[in-house]
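Colleague: Would you mind keeping the following structure in view while I ask a few things?
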Amino acid sequence: MRGLSLRFRREKRSRNLRRAAALALGLGALAGLGAGFGRTEPRRNAAPLMAMVPTADAPVFEPDSGLVRTLPGGAIAINSGGRS
Amino acid sequence: MKAKRTGLFLAAAIPLLISAQELVTFKVALKYRDVRSVIARVSEEAGPRGQITVDRAANAIYINDEKPRAEAARALLAALDVPARRFALQARFSLYNAPKKTGLLRDEPLFTDAASFMAHTAPTASAEQVLDIAEGGSSQAEVFPGFTLRASAEGYDPTKRRLAFSGLSLLRESGSGTATVFSGRAVLPEGEPTVLVASLEAAAESCRLSLTPVLIPDANAKERP
C-alpha cells in the first residue's frame with residue numbers, strides 16, 4: 001500500500017508539473033500574441049529627433065575660424081585661421 | 001446718383017474683401033521630429049499676418065495664417081516629420097602642389113588664385129571615399145592617406161533639398177600630431193557636388209574636397225496619399 005501511495009504521489013507531482021509547464025507556455029504564447037497584435041510598424045524611439053532643419057539664409061559653409069570666399073567657379077575657398 | 005455711389009463703393013470693396021483672406025488655425029503634432037528642430041524653417045513660410053506657436057509638451061505646432069500659407073506650412077511639416085533619413089556622403093579629395101611663391105589662399109587677396117591655379121593644374125594625387133551618415137548622426141573616414149573627414153549631420157529639408165551639418169571638418173594627421181585644415185558648419189545641396197578648397201599648413205600644398213550628399217531611399221517608407 002505504501003509503495004503504491006508513493007508511486008501515486010510521484011505521478012501526481014509529475015502531472016502537476018506538466019500542467020504548470022503547459023500553463024506557463026500557453027500564457028507566454030498568449031502574451032506574445034497580444035504584444036504582436038496591433039503593431040504594424042517597427043517600434044520607434046520615444047524621444048523625437050532633434051536635428052535642425054536648415055533655413056533659407058544658412059550659408060554653404062561657415063567656418064569656426066578664418067575666412068570664406070566663393071570662387072568664380074562656385075567653389076568655396078577656406079582660409080582657416082585657427083589651426084591646432 | 002445714390003445707386004451710382006453704391007456701385008462705386010461695391011466696386012472698391014469687393015476686391016479688398018477678396019484679397020483679405022480669412023485666417024485659419026491648424027494644429028500639427030509631430031511624431032518623429034522635435035518641434036524646435038523645424039520651427040525656424042516653418043516660420044519662413046508664415047505670411048505677414050501669420051503666427052506660429054509651439055507647444056513643446058505636446059510636440060505640436062499651431063499655425064494661424066491665411067489659408068494658402070497655413071496649408072503650405074502644414075504640407076512642409078508633413079514632409080519634414082519623417083524618421084531620420086540616411087545619406088551617402090561622397091567625398092573626392094585632391095591634393096595640389098603649388099609653387100611657394102603663389103601663396104595659395106594664404107592671404108585674403110589671393111583667394112581667387114585658387115580657382116585659376118586649380119583650373120590649370122592637375123592634382124598630384126586624388127582619392128574617393130563614401131561616408132554613410134544619418135540625420136542627427138556622425139561619421140568619419142579617411143578620405144586620403146593622412147586626411148580624415150568628420151561630419152555631423154543635422155536635418156534635411158526635402159523642399160529645398162539641402163542637408164545641414166552642425167560640424168564638418170577635415171583633419172590632417174602628421175608626425176607632430178593632428179592639425180585642422182578646416183572646421184565649421186555647412187549646408188550642402190543634395191545630389192550636387194560642393195567644392196571646398198583650402199591651403200594646407202605647408203604653403204606649397206593645397207587641397208580640394210568635393211562633397212556630394214546623396215539621399216538613400218528608404219525601402220520601408222510608405223507612400224503618402
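For the C-alpha cells, the naming scheme is as follows: chains receive sequential letters (A, B, ...) according to their order of presentation, residues are indexed from 1 within each chain, and ligands are indexed from 1 in presentation order.
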Near stretch 42-52 of chain B, counting only C-alpha atoms, which residues have an atom at most 7 Å away, once you skip same-chain residues fewer than 6 positions from it, shown as a list in words?

Modeller: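 In the requested form, the answer reads Ile61, Tyr62, Ile63, Asn64, Asp65, Glu66, Arg69 and Ala73 of chain B.
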
Colleague: Restrict the distance test to only C-alpha atoms, flag each residue of chain A within 6 Å of chain B, and return the flagged residues as a list in words.

Modeller: Pro48, Leu49, Met50, Ala51, Met52, Val53, Pro54, Thr55, Val60, Phe61, Glu62, Pro63, Asp64, Ala75, Ile76, Ala77, Ile78, Asn79, Ser80, Arg83 and Ser84 of chain A

Colleague: Go ahead and dump the residues you just picked, N, CA and C atoms, as a JSON list (two decimals), in the first residue's frame.

Modeller:
```json
[["chain", "number", "residue", "atom", "x", "y", "z"],
["A", 48, "PRO", "N", 11.63, 62.36, -29.81],
["A", 48, "PRO", "CA", 11.68, 62.80, -31.21],
["A", 48, "PRO", "C", 13.07, 63.32, -31.57],
["A", 49, "LEU", "N", 13.39, 63.23, -32.83],
["A", 49, "LEU", "CA", 14.74, 63.57, -33.31],
["A", 49, "LEU", "C", 14.95, 65.08, -33.29],
["A", 50, "MET", "N", 16.07, 65.47, -32.67],
["A", 50, "MET", "CA", 16.43, 66.90, -32.61],
["A", 50, "MET", "C", 17.55, 67.13, -33.63],
["A", 51, "ALA", "N", 17.19, 67.35, -34.87],
["A", 51, "ALA", "CA", 18.17, 67.60, -35.93],
["A", 51, "ALA", "C", 17.70, 68.83, -36.69],
["A", 52, "MET", "N", 18.40, 69.94, -36.48],
["A", 52, "MET", "CA", 17.94, 71.24, -37.00],
["A", 52, "MET", "C", 17.86, 71.23, -38.52],
["A", 53, "VAL", "N", 16.70, 71.66, -39.03],
["A", 53, "VAL", "CA", 16.49, 71.77, -40.48],
["A", 53, "VAL", "C", 17.03, 73.14, -40.91],
["A", 54, "PRO", "N", 17.81, 73.21, -41.99],
["A", 54, "PRO", "CA", 18.41, 74.50, -42.35],
["A", 54, "PRO", "C", 17.38, 75.51, -42.85],
["A", 55, "THR", "N", 17.65, 76.77, -42.54],
["A", 55, "THR", "CA", 16.79, 77.85, -43.06],
["A", 55, "THR", "C", 17.36, 78.32, -44.39],
["A", 60, "VAL", "N", 26.50, 78.21, -47.11],
["A", 60, "VAL", "CA", 27.00, 76.90, -47.54],
["A", 60, "VAL", "C", 28.07, 76.40, -46.55],
["A", 61, "PHE", "N", 28.98, 77.29, -46.18],
["A", 61, "PHE", "CA", 30.00, 76.90, -45.18],
["A", 61, "PHE", "C", 30.27, 78.10, -44.28],
["A", 62, "GLU", "N", 30.26, 77.83, -43.01],
["A", 62, "GLU", "CA", 30.51, 78.87, -42.00],
["A", 62, "GLU", "C", 31.64, 78.36, -41.12],
["A", 63, "PRO", "N", 32.87, 78.88, -41.29],
["A", 63, "PRO", "CA", 34.00, 78.30, -40.55],
["A", 63, "PRO", "C", 33.96, 78.67, -39.07],
["A", 64, "ASP", "N", 34.52, 77.79, -38.25],
["A", 64, "ASP", "CA", 34.65, 78.10, -36.83],
["A", 64, "ASP", "C", 35.60, 79.29, -36.65],
["A", 75, "ALA", "N", 33.28, 77.26, -56.27],
["A", 75, "ALA", "CA", 33.90, 76.54, -55.14],
["A", 75, "ALA", "C", 34.02, 77.47, -53.93],
["A", 76, "ILE", "N", 34.05, 76.87, -52.76],
["A", 76, "ILE", "CA", 34.19, 77.63, -51.52],
["A", 76, "ILE", "C", 35.65, 77.54, -51.09],
["A", 77, "ALA", "N", 36.31, 78.69, -51.00],
["A", 77, "ALA", "CA", 37.69, 78.72, -50.55],
["A", 77, "ALA", "C", 37.72, 79.04, -49.07],
["A", 78, "ILE", "N", 38.45, 78.24, -48.32],
["A", 78, "ILE", "CA", 38.50, 78.42, -46.87],
["A", 78, "ILE", "C", 39.93, 78.79, -46.48],
["A", 79, "ASN", "N", 40.06, 79.95, -45.88],
["A", 79, "ASN", "CA", 41.35, 80.36, -45.36],
["A", 79, "ASN", "C", 41.27, 80.23, -43.85],
["A", 80, "SER", "N", 41.53, 79.03, -43.40],
["A", 80, "SER", "CA", 41.31, 78.71, -41.99],
["A", 80, "SER", "C", 42.36, 79.40, -41.12],
["A", 83, "ARG", "N", 44.47, 76.93, -36.69],
["A", 83, "ARG", "CA", 44.99, 75.57, -36.87],
["A", 83, "ARG", "C", 45.60, 75.13, -35.57],
["A", 84, "SER", "N", 45.32, 73.90, -35.22],
["A", 84, "SER", "CA", 45.84, 73.44, -33.93],
["A", 84, "SER", "C", 46.89, 72.37, -34.15]]
```

Colleague: Rounded to one decimal in Å, what is the spacing between atom CA of B:Phe147 and atom CA of A:Pro72?

Modeller: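 Value for the atom CA of B:Phe147-atom CA of A:Pro72 distance: 26.2 Å.
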
Colleague: From a DSSP pass on the backbone, collect the residues of stretch 13-93 of chain B flagged as alpha helix (DSSP H) and hand them back as a ChimeraX atom specification.

Modeller: /B:13-19,35-43,67-80

Colleague: Would you export the selected residues with C-alpha atoms as a PDB file, in the first residue's frame, please?

Modeller:
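Written output follows (out_38.pdb):
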```
ATOM      1  CA  ALA B  13     -14.869  96.995 -51.542  1.00  0.00           C
ATOM      2  CA  ILE B  14     -15.271  93.632 -53.298  1.00  0.00           C
ATOM      3  CA  PRO B  15     -11.619  93.275 -54.444  1.00  0.00           C
ATOM      4  CA  LEU B  16     -10.497  94.328 -50.960  1.00  0.00           C
ATOM      5  CA  LEU B  17     -12.746  91.733 -49.335  1.00  0.00           C
ATOM      6  CA  ILE B  18     -11.485  89.054 -51.717  1.00  0.00           C
ATOM      7  CA  SER B  19      -7.825  89.952 -51.101  1.00  0.00           C
ATOM      8  CA  VAL B  35       9.330  70.896 -32.840  1.00  0.00           C
ATOM      9  CA  ARG B  36      12.400  73.006 -32.001  1.00  0.00           C
ATOM     10  CA  SER B  37      14.301  71.469 -34.918  1.00  0.00           C
ATOM     11  CA  VAL B  38      11.756  72.616 -37.539  1.00  0.00           C
ATOM     12  CA  ILE B  39      10.329  75.851 -36.126  1.00  0.00           C
ATOM     13  CA  ALA B  40      12.866  78.178 -37.807  1.00  0.00           C
ATOM     14  CA  ARG B  41      12.231  76.621 -41.218  1.00  0.00           C
ATOM     15  CA  VAL B  42       8.427  76.589 -40.819  1.00  0.00           C
ATOM     16  CA  SER B  43       8.432  80.235 -39.688  1.00  0.00           C
ATOM     17  CA  LYS B  67      -5.428  79.576 -45.682  1.00  0.00           C
ATOM     18  CA  PRO B  68      -2.981  79.022 -48.593  1.00  0.00           C
ATOM     19  CA  ARG B  69       0.033  79.870 -46.431  1.00  0.00           C
ATOM     20  CA  ALA B  70      -1.203  77.777 -43.496  1.00  0.00           C
ATOM     21  CA  GLU B  71      -1.762  74.824 -45.817  1.00  0.00           C
ATOM     22  CA  ALA B  72       1.715  75.281 -47.305  1.00  0.00           C
ATOM     23  CA  ALA B  73       3.213  75.276 -43.791  1.00  0.00           C
ATOM     24  CA  ARG B  74       1.227  72.163 -42.889  1.00  0.00           C
ATOM     25  CA  ALA B  75       2.433  70.403 -46.052  1.00  0.00           C
ATOM     26  CA  LEU B  76       6.017  71.387 -45.211  1.00  0.00           C
ATOM     27  CA  LEU B  77       5.647  69.922 -41.716  1.00  0.00           C
ATOM     28  CA  ALA B  78       4.274  66.698 -43.178  1.00  0.00           C
ATOM     29  CA  ALA B  79       7.354  66.480 -45.426  1.00  0.00           C
ATOM     30  CA  LEU B  80       9.732  67.187 -42.538  1.00  0.00           C
TER      31      LEU B  80
END
```

Colleague: Any idea what the distance is between atom CA of B:Ala122 and atom CA of B:Ser176?

Modeller: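 These atoms are spaced 28.5 Å apart.
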